[in-house]
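Colleague: For reference, the file structure-v5.txt (compact mmCIF, C-alpha atoms) is included below:
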```
# COMPACT_ATOMS: atom_id res chain seq x y z
CA MET A 27 0.00 0.00 0.00
CA ARG A 28 1.20 3.49 -0.90
CA PHE A 29 0.07 6.35 1.29
CA GLY A 30 -0.75 9.76 -0.10
CA TYR A 31 -2.40 12.90 1.23
CA TRP A 32 -4.29 15.76 -0.37
CA THR A 33 -2.41 19.06 -0.17
CA PRO A 34 -4.98 21.41 1.44
CA VAL A 35 -4.94 24.18 -1.17
CA PHE A 36 -8.47 25.13 -0.07
CA GLY A 37 -7.55 25.56 3.61
CA GLY A 38 -9.22 22.30 4.66
CA TRP A 39 -11.76 19.64 3.71
CA LEU A 40 -14.73 20.03 6.05
CA ARG A 41 -17.85 21.84 4.88
CA ASN A 42 -19.42 22.08 8.34
CA VAL A 43 -16.38 23.37 10.27
CA ASP A 44 -15.39 27.00 9.81
CA ASP A 45 -11.84 26.89 11.23
CA GLU A 46 -9.95 23.63 10.70
CA GLY A 47 -6.61 24.86 11.99
CA THR A 48 -5.13 24.57 8.51
CA PRO A 49 -4.04 28.05 7.41
CA LEU A 50 -3.68 28.53 3.67
CA THR A 51 -0.07 29.71 3.57
CA PHE A 52 2.78 28.17 1.67
CA PRO A 53 5.01 27.80 4.76
CA HIS A 54 2.27 25.66 6.29
CA LEU A 55 1.87 23.55 3.14
CA ALA A 56 5.64 23.06 3.07
CA GLU A 57 5.61 22.02 6.73
CA ILE A 58 2.90 19.43 5.97
CA ALA A 59 4.90 18.07 3.04
CA ARG A 60 8.05 17.69 5.10
CA ALA A 61 6.08 16.00 7.87
CA ALA A 62 4.59 13.63 5.30
CA GLU A 63 8.03 12.62 4.05
CA ALA A 64 9.23 12.07 7.62
CA GLY A 65 6.06 10.09 8.45
CA GLY A 66 6.32 7.54 5.67
CA PHE A 67 3.96 9.02 3.08
CA ASP A 68 4.74 8.29 -0.55
CA LEU A 69 2.89 10.98 -2.47
CA THR A 70 0.65 14.01 -2.38
CA LEU A 71 -2.23 15.02 -4.64
CA VAL A 72 -2.44 18.74 -5.33
CA PRO A 73 -6.05 19.38 -6.42
CA GLU A 74 -7.01 22.06 -8.92
CA LEU A 75 -9.98 24.38 -8.63
CA ASN A 76 -10.05 28.14 -9.14
CA LEU A 77 -13.04 28.48 -6.85
CA ASN A 78 -13.26 26.99 -3.38
CA ASP A 79 -15.89 24.24 -3.30
CA ILE A 80 -15.39 23.75 0.45
CA ARG A 81 -15.84 27.36 1.62
CA GLY A 82 -17.90 28.71 -1.26
CA PHE A 83 -17.13 31.20 -4.01
CA SER A 84 -15.51 33.74 -1.67
CA GLY A 85 -13.21 31.14 -0.09
CA PRO A 86 -9.48 31.15 -0.85
CA THR A 87 -7.68 28.62 -3.04
CA PHE A 88 -4.08 28.35 -4.24
CA ASP A 89 -3.14 27.59 -7.82
CA ALA A 90 -2.29 23.88 -8.08
CA TRP A 91 0.60 24.16 -10.52
CA ALA A 92 2.38 27.01 -8.76
CA THR A 93 1.98 25.15 -5.47
CA THR A 94 3.38 21.95 -6.98
CA THR A 95 6.41 23.77 -8.35
CA ALA A 96 7.13 25.23 -4.93
CA LEU A 97 6.66 21.86 -3.19
CA ALA A 98 9.06 20.27 -5.66
CA ALA A 99 11.76 22.62 -4.44
CA VAL A 100 11.26 21.88 -0.73
CA THR A 101 10.79 18.08 -0.83
CA SER A 102 12.97 15.21 -1.94
CA THR A 103 11.01 11.94 -1.96
CA LEU A 104 7.28 12.66 -2.33
CA GLU A 105 5.61 11.90 -5.63
CA LEU A 106 3.88 15.14 -6.65
CA MET A 107 0.58 14.35 -8.35
CA VAL A 108 -0.85 17.61 -9.65
CA ALA A 109 -4.40 17.80 -10.94
CA LEU A 110 -4.76 18.89 -14.56
CA ARG A 111 -8.06 19.96 -16.11
CA PRO A 112 -7.47 20.10 -19.86
CA SER A 113 -10.01 22.81 -20.65
CA TYR A 114 -8.07 25.24 -18.44
CA HIS A 115 -4.62 24.55 -19.95
CA PRO A 116 -3.44 24.71 -23.61
CA PRO A 117 -1.68 21.36 -24.15
CA ALA A 118 1.61 22.59 -25.59
CA LEU A 119 2.07 25.07 -22.75
CA THR A 120 1.16 22.40 -20.22
CA ALA A 121 3.67 20.00 -21.75
CA LYS A 122 6.38 22.67 -21.40
CA GLN A 123 5.35 23.49 -17.84
CA ALA A 124 5.29 19.83 -16.81
CA ALA A 125 8.72 19.20 -18.33
CA THR A 126 10.11 22.12 -16.36
CA ILE A 127 8.55 21.01 -13.05
CA GLN A 128 9.78 17.47 -13.70
CA ALA A 129 13.32 18.83 -13.91
CA ILE A 130 12.88 20.67 -10.63
CA ALA A 131 11.31 17.62 -8.97
CA GLY A 132 13.89 15.14 -10.21
CA GLY A 133 11.32 12.91 -11.90
CA ARG A 134 8.69 12.99 -9.13
CA LEU A 135 5.91 14.79 -11.05
CA THR A 136 2.77 12.86 -12.05
CA LEU A 137 -0.59 14.08 -13.35
CA ASN A 138 -4.15 13.55 -12.18
CA VAL A 139 -6.10 14.36 -15.35
CA VAL A 140 -9.61 15.53 -14.46
CA SER A 141 -12.23 16.13 -17.13
CA ALA A 142 -13.90 18.83 -14.95
CA TRP A 143 -17.39 19.04 -13.52
CA TRP A 144 -18.05 22.56 -12.23
CA ALA A 145 -20.06 24.51 -14.81
CA GLU A 146 -20.27 27.66 -12.69
CA GLU A 147 -16.50 27.82 -12.26
CA ALA A 148 -16.04 27.50 -16.01
CA ARG A 149 -18.55 30.30 -16.58
CA GLN A 150 -16.82 32.63 -14.11
CA TYR A 151 -13.39 31.94 -15.61
CA GLY A 152 -14.46 32.17 -19.23
CA VAL A 153 -13.72 28.54 -20.06
CA GLU A 154 -15.83 26.39 -22.37
CA PHE A 155 -17.82 23.72 -20.50
CA ARG A 156 -18.55 20.76 -22.75
CA GLU A 157 -21.18 18.07 -22.38
CA HIS A 158 -20.22 15.15 -20.16
CA ASP A 159 -19.13 12.59 -22.78
CA ASP A 160 -17.46 15.26 -24.92
CA ARG A 161 -15.25 16.20 -21.97
CA TYR A 162 -13.76 12.70 -21.89
CA ALA A 163 -13.17 12.64 -25.66
CA PHE A 164 -11.43 16.01 -25.34
CA THR A 165 -9.30 14.68 -22.47
CA ALA A 166 -8.23 11.55 -24.34
CA GLU A 167 -6.93 13.59 -27.27
CA TYR A 168 -5.30 16.07 -24.89
CA VAL A 169 -3.27 13.31 -23.22
CA GLU A 170 -2.26 12.01 -26.67
CA VAL A 171 -0.90 15.46 -27.52
CA LEU A 172 1.01 15.73 -24.24
CA ARG A 173 2.73 12.40 -24.79
CA GLY A 174 3.50 13.29 -28.38
CA LEU A 175 5.16 16.56 -27.40
CA TRP A 176 7.19 14.77 -24.71
CA SER A 177 8.47 12.13 -27.13
CA GLU A 178 8.69 13.56 -30.67
CA THR A 179 10.58 16.50 -32.19
CA PRO A 180 9.11 18.18 -34.10
CA TYR A 181 5.59 17.06 -33.25
CA THR A 182 2.60 17.27 -35.58
CA HIS A 183 -0.99 16.47 -34.67
CA HIS A 184 -4.22 17.14 -36.53
CA GLY A 185 -7.21 16.01 -34.50
CA ALA A 186 -10.78 16.87 -33.59
CA HIS A 187 -9.74 19.38 -30.92
CA PHE A 188 -6.05 20.22 -31.39
CA ASP A 189 -3.93 21.18 -34.39
CA LEU A 190 -0.14 21.37 -34.05
CA ASP A 191 2.28 21.44 -36.96
CA GLY A 192 6.03 20.95 -36.50
CA THR A 193 6.06 21.92 -32.81
CA PHE A 194 9.38 21.84 -30.93
CA LEU A 195 9.37 21.24 -27.17
CA GLU A 196 12.74 21.10 -25.47
CA PRO A 197 13.95 19.95 -23.07
CA LYS A 198 11.79 16.88 -22.82
CA PRO A 199 11.14 15.39 -19.39
CA ASP A 200 13.70 12.79 -18.32
CA VAL A 201 10.81 10.87 -16.78
CA THR A 202 7.48 10.97 -18.61
CA PRO A 203 4.81 11.90 -16.06
CA LEU A 204 2.48 9.06 -15.12
CA VAL A 205 -1.16 9.86 -15.93
CA TYR A 206 -3.81 9.08 -13.33
CA ALA A 207 -7.51 9.58 -14.04
CA GLY A 208 -10.84 8.86 -12.42
CA GLY A 209 -14.41 8.54 -13.64
CA GLU A 210 -17.52 6.51 -12.91
CA SER A 211 -19.70 6.96 -15.99
CA GLU A 212 -19.64 4.58 -18.94
CA ALA A 213 -17.94 7.19 -21.10
CA GLY A 214 -15.45 8.01 -18.37
CA ARG A 215 -14.41 4.43 -17.66
CA THR A 216 -14.12 3.58 -21.35
CA ALA A 217 -11.94 6.63 -22.07
CA ILE A 218 -9.73 6.14 -19.00
CA ALA A 219 -9.13 2.50 -19.90
CA GLY A 220 -7.61 3.78 -23.11
CA PHE A 221 -5.52 6.81 -22.11
CA ALA A 222 -4.56 6.60 -18.41
CA ASP A 223 -1.70 4.78 -16.72
CA ALA A 224 -3.49 4.46 -13.37
CA TYR A 225 -7.06 4.64 -12.11
CA LEU A 226 -8.39 6.76 -9.22
CA THR A 227 -11.78 6.73 -7.58
CA HIS A 228 -13.78 8.44 -4.85
CA GLY A 229 -14.06 6.70 -1.52
CA GLY A 230 -16.19 3.56 -1.38
CA THR A 231 -16.72 0.34 0.51
CA VAL A 232 -14.48 -2.70 0.09
CA ASP A 233 -17.12 -4.45 -2.04
CA GLU A 234 -17.60 -1.35 -4.21
CA LEU A 235 -13.86 -1.06 -4.83
CA GLY A 236 -13.50 -4.75 -5.59
CA THR A 237 -16.24 -4.51 -8.21
CA LYS A 238 -14.86 -1.30 -9.69
CA ILE A 239 -11.29 -2.59 -9.94
CA ALA A 240 -12.42 -5.81 -11.61
CA ASP A 241 -14.42 -3.78 -14.12
CA MET A 242 -11.50 -1.48 -14.93
CA ARG A 243 -9.11 -4.42 -15.30
CA ARG A 244 -11.52 -5.96 -17.81
CA ARG A 245 -11.87 -2.71 -19.76
CA ARG A 246 -8.11 -2.26 -19.79
CA ALA A 247 -7.57 -5.73 -21.24
CA GLU A 248 -10.27 -5.16 -23.85
CA ALA A 249 -8.51 -1.92 -24.85
CA GLY A 250 -5.35 -3.92 -25.50
CA ARG A 251 -3.34 -1.99 -22.92
CA GLU A 252 -0.93 -3.16 -20.24
CA PRO A 253 -2.50 -3.46 -16.77
CA PHE A 254 -2.97 -0.24 -14.80
CA GLU A 255 0.07 0.62 -12.72
CA HIS A 256 -2.00 1.70 -9.72
CA PHE A 257 -5.52 1.69 -8.34
CA GLY A 258 -6.02 4.63 -5.98
CA MET A 259 -8.87 5.68 -3.71
CA ALA A 260 -9.71 8.84 -1.80
CA GLY A 261 -10.45 8.68 1.90
CA PHE A 262 -10.79 10.75 5.06
CA ALA A 263 -9.13 9.36 8.20
CA ILE A 264 -10.08 9.88 11.84
CA VAL A 265 -7.70 8.09 14.21
CA ARG A 266 -8.16 8.23 17.99
CA ASN A 267 -7.12 6.22 21.03
CA THR A 268 -10.62 4.82 21.45
CA GLU A 269 -13.50 4.04 19.14
CA ALA A 270 -15.74 6.36 21.16
CA GLU A 271 -13.37 9.30 20.66
CA ALA A 272 -13.25 8.65 16.91
CA GLN A 273 -17.05 8.49 16.73
CA ALA A 274 -17.36 11.76 18.63
CA GLU A 275 -15.11 13.46 16.07
CA LEU A 276 -17.13 11.94 13.24
CA ASP A 277 -20.32 13.31 14.79
CA ARG A 278 -18.75 16.75 15.09
CA ILE A 279 -17.65 17.07 11.47
CA THR A 280 -20.89 15.68 10.01
CA ASP A 281 -23.15 18.10 11.87
CA VAL A 282 -24.61 19.42 8.61
CA ARG A 283 -25.43 23.07 8.21
CA HIS A 284 -26.16 24.20 4.66
CA GLY A 285 -23.38 26.70 4.15
CA ALA A 286 -21.92 28.60 1.24
CA ALA A 287 -20.48 25.49 -0.41
CA TYR A 288 -23.72 23.52 -0.65
CA GLU A 289 -24.52 25.07 -4.03
CA SER A 290 -21.23 23.91 -5.54
CA TYR A 291 -21.79 20.44 -4.10
CA GLN A 292 -25.16 20.20 -5.81
CA ASP A 293 -23.51 21.39 -9.03
CA PHE A 294 -20.99 18.57 -8.73
CA VAL A 295 -23.70 15.95 -8.17
CA SER A 296 -25.87 17.20 -11.04
CA LYS A 297 -23.05 17.56 -13.59
CA SER A 298 -21.38 14.22 -12.85
CA GLN A 299 -22.57 10.71 -13.61
CA LEU A 300 -21.82 8.99 -10.30
CA ASP A 301 -22.23 5.27 -9.72
CA THR A 302 -23.10 5.68 -6.03
CA ARG A 303 -25.87 7.75 -4.50
CA VAL A 304 -24.49 10.56 -2.35
CA ASP A 305 -26.02 11.90 0.85
CA LEU A 306 -25.49 14.78 3.27
CA LYS A 307 -22.88 12.77 5.16
CA ASP A 308 -20.92 12.57 1.93
CA TYR A 309 -21.43 16.33 1.58
CA SER A 310 -19.69 16.95 4.92
CA VAL A 311 -16.34 15.64 3.65
CA SER A 312 -15.24 15.93 0.02
CA ASN A 313 -14.72 13.03 -2.41
CA ARG A 314 -16.90 10.61 -0.41
CA GLY A 315 -14.00 10.34 1.99
CA LEU A 316 -15.97 8.86 4.89
CA ARG A 317 -17.38 5.97 2.88
CA PRO A 318 -14.31 3.69 3.26
CA GLY A 319 -14.69 3.76 7.04
CA PHE A 320 -11.21 4.87 8.10
CA VAL A 321 -12.56 5.90 11.51
CA GLY A 322 -11.44 4.32 14.79
CA THR A 323 -8.36 3.26 16.69
CA PRO A 324 -5.04 2.80 14.87
CA GLU A 325 -5.57 -0.95 14.86
CA GLN A 326 -9.10 -0.67 13.45
CA VAL A 327 -8.07 1.73 10.70
CA ALA A 328 -5.03 -0.38 9.76
CA ALA A 329 -7.17 -3.50 9.55
CA ARG A 330 -9.67 -1.69 7.34
CA ILE A 331 -6.91 -0.50 5.00
CA LEU A 332 -5.64 -4.06 4.61
CA GLU A 333 -9.12 -5.11 3.47
CA PHE A 334 -8.88 -2.61 0.61
CA GLU A 335 -5.40 -3.83 -0.24
CA GLU A 336 -6.78 -7.35 -0.61
CA VAL A 337 -9.21 -6.27 -3.36
CA GLY A 338 -6.55 -4.40 -5.34
CA VAL A 339 -6.28 -0.86 -3.94
CA ASP A 340 -2.58 0.02 -3.75
CA THR A 341 -2.72 3.80 -3.31
CA LEU A 342 -4.64 5.80 -0.71
CA LEU A 343 -5.12 9.56 -1.11
CA LEU A 344 -6.11 10.67 2.37
CA GLN A 345 -7.53 13.86 3.79
CA PHE A 346 -6.99 14.96 7.38
CA SER A 347 -8.27 17.78 9.56
CA PRO A 348 -6.37 19.57 10.99
CA ALA A 349 -4.07 18.52 8.19
CA LEU A 350 -0.69 18.66 9.94
CA GLY A 351 -1.44 17.11 13.31
CA GLU A 352 -3.69 14.36 12.00
CA LEU A 353 -1.27 13.47 9.19
CA GLN A 354 1.51 13.12 11.75
CA ARG A 355 -0.68 10.95 13.98
CA PHE A 356 -1.55 8.71 11.02
CA GLY A 357 2.11 8.38 10.05
CA GLU A 358 3.14 7.45 13.57
CA GLN A 359 0.26 5.15 14.52
CA VAL A 360 -1.27 3.62 11.38
CA ILE A 361 1.30 3.35 8.56
CA PRO A 362 3.68 1.11 10.58
CA LEU A 363 0.79 -1.26 11.40
CA VAL A 364 -0.26 -1.54 7.77
CA ARG A 365 3.26 -2.14 6.56
CA ALA A 366 3.69 -4.82 9.21
CA GLY A 367 0.48 -6.45 7.99
CA ALA A 368 -1.04 -6.11 11.45
```
Kindly present the structure from the file in structure tokens form.

Modeller:
Amino acid sequence: MRFGYWTPVFGGWLRNVDDEGTPLTFPHLAEIARAAEAGGFDLTLVPELNLNDIRGFSGPTFDAWATTTALAAVTSTLELMVALRPSYHPPALTAKQAATIQAIAGGRLTLNVVSAWWAEEARQYGVEFREHDDRYAFTAEYVEVLRGLWSETPYTHHGAHFDLDGTFLEPKPDVTPLVYAGGESEAGRTAIAGFADAYLTHGGTVDELGTKIADMRRRRAEAGREPFEHFGMAGFAIVRNTEAEAQAELDRITDVRHGAAYESYQDFVSKSQLDTRVDLKDYSVSNRGLRPGFVGTPEQVAARILEFEEVGVDTLLLQFSPALGELQRFGEQVIPLVRAGA
């Protein structure tokens, strides 16, 4: 099992808690990253949104790519998985930017390619918002162009969405960034089976993940591609000395009050084609993070993680609140148990 954490570029993950003790400053994000490396974490996901879907439109959010560049300079072992939404980034410029960050990071940059879901954000930022299935077709061609620019000189491509003729991109990345992607719709899974190197999903139960992984393995084989390199899942972890203490924290963070972010949450649900019904408990923590059940004592959480490992999950992308203290607790108390198979 590989352990990852979400870099809190929105200042936290809880929609019902105003102050999570996670200030949105780069020194704090750097402190979290260094603590993650010291605590046995393997990677971090840097999400990308221009609006804050946790705090609402007026909430702060850092740019994902600038943050990733800065983290590359202050870390040495973490894989840096930066989210990339193709409609917000011209592919040739993104290929250049990624090659530059890869040089800074010493080969640790990877991409989480997201086909986007937030129509209101696109409207505010003047970006075209395509229909659901069209977004995945656009993404598949986008990834083809990235890989072409990273491998061929000069590069020419004439496609449905992009037209490049004799394009030079130097230097090329020494390590081609791995491409992760997630999707639950028929169009999403079919496209991802063709263009991605690894598959990511929202949080789910052990049975849900077992079914989903089996389905994606089948689709991958039918696409004539090598097996996915990783299967990753989002999750939110609450680790306490007793089960009662963990449950009390769960009750606190799921005390739902319809705040400024509820509108963006409804936009996400309506614009996505999800394979699992979501509820207000899912609303409380992003990315269905509570669904895996990583809530309890260190031994309980470790045992639960091993159940996911048995069905094929090899990468966890975890959220914590407050980010620093809870990440450190998890690194000290849970990761050693999982790696010992306890």

Colleague: How many Å lie between CA of Glu252 in chain A and CA of Leu204 in chain A, rounded to one decimal?

Modeller: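 Computed distance, CA of Glu252 in chain A to CA of Leu204 in chain A, equals 13.7 Å.
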
Colleague: Using Å and a single decimal, report how far CA of Arg41 in chain A sits from CA of Arg81 in chain A.

Modeller: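 Atom-to-atom, CA of Arg81 in chain A and CA of Arg41 in chain A are spaced 6.7 Å apart.
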
Colleague: How far is it from CA of Arg244 in chain A to CA of Ala213 in chain A, in Å with one decimal?

Modeller: 15.0 Å

Colleague: Would you pick out the contacts of range 169-184 of chain A at 6 Å or less, using only C-alpha atoms, so that residues sharing its chain but fewer than 4 positions from it are not included, and give the list as a ChimeraX atom specification?

Modeller: /A:121,189-194,198

Colleague: For each of A:Leu235, A:Ala148, A:Leu77, A:Val205, take the minimum atom-to-atom distance to Leu135 in chain A, counting all atoms listed in the file, then give the residue where this is smallest.

Modeller: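 Counting all atoms listed in the file, the residue closest to Leu135 in chain A is A:Val205.
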
Colleague: List the spatial neighbours of Asp340 in chain A as a PyMOL selection string - criterion: any atom at most 9 Å away, all atoms listed in the file, same-chain residues fewer than 2 positions off excluded.

Modeller: chain A and resi 27-29+256-259+334-335+338+342

Colleague: Compile the contact shell of Ala166 in chain A as a list in words: residues with an atom at most 9 Å away, counting all atoms listed in the file, same-chain residues fewer than 6 positions apart removed.

Modeller: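 Contacts, in chain order: Ala217, Ile218, Gly220, Phe221 and Ala222 of chain A.
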
Colleague: Using all atoms listed in the file, find the one residue out of A:Arg251, A:Thr165, A:Trp143, A:Leu137 that sits nearest to Thr202 in chain A.

Modeller: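 Result for the nearest residue to Thr202 in chain A: A:Leu137.
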
Colleague: Find, counting all atoms listed in the file, the residue in A:Trp39, A:Trp32, A:Phe254, A:Phe67 that gets nearest to Asp79 in chain A.

Modeller: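 Closest residue, counting all atoms listed in the file: A:Trp39.
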
Colleague: Using all atoms listed in the file, which residues sit within 8 Å of range 94-111 of chain A once same-chain residues fewer than 2 positions away are excluded, as a count of residues only?

Modeller: 30

Colleague: Could you list, as a tab-separated table (two decimals) with C-alpha atoms, keeping the file's coordinate frame, every residue within 10 Å of Val321 in chain A, counting only C-alpha atoms and ignoring same-chain residues fewer than 4 positions away?

Modeller:
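Wrote selection-v2.tsv, looks like this:
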```
chain	number	residue	atom	x	y	z
A	262	PHE	CA	-10.79	10.75	5.06
A	263	ALA	CA	-9.13	9.36	8.20
A	264	ILE	CA	-10.08	9.88	11.84
A	265	VAL	CA	-7.70	8.09	14.21
A	266	ARG	CA	-8.16	8.23	17.99
A	269	GLU	CA	-13.50	4.04	19.14
A	271	GLU	CA	-13.37	9.30	20.66
A	272	ALA	CA	-13.25	8.65	16.91
A	273	GLN	CA	-17.05	8.49	16.73
A	275	GLU	CA	-15.11	13.46	16.07
A	276	LEU	CA	-17.13	11.94	13.24
A	316	LEU	CA	-15.97	8.86	4.89
A	317	ARG	CA	-17.38	5.97	2.88
A	326	GLN	CA	-9.10	-0.67	13.45
A	327	VAL	CA	-8.07	1.73	10.70
A	328	ALA	CA	-5.03	-0.38	9.76
A	330	ARG	CA	-9.67	-1.69	7.34
```

Colleague: For Tyr31 in chain A, which residue among A:Asp44, A:Glu147, A:Glu352, A:Asp281 is the nearest when counting all atoms listed in the file?

Modeller: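 Smallest distance to Tyr31 in chain A is found for A:Glu352.
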
Colleague: Name the residues, using the chain letters and numbers of the file, that sit within 9 Å of (-17.3, 9.8, -19.8) when counting only C-alpha atoms, and give them as a list in words.

Modeller: Ser141, His158, Asp159, Asp160, Arg161, Tyr162, Ala163, Gly209, Glu210, Ser211, Glu212, Ala213, Gly214, Arg215, Thr216, Ala217, Ile218 and Gln299 of chain A
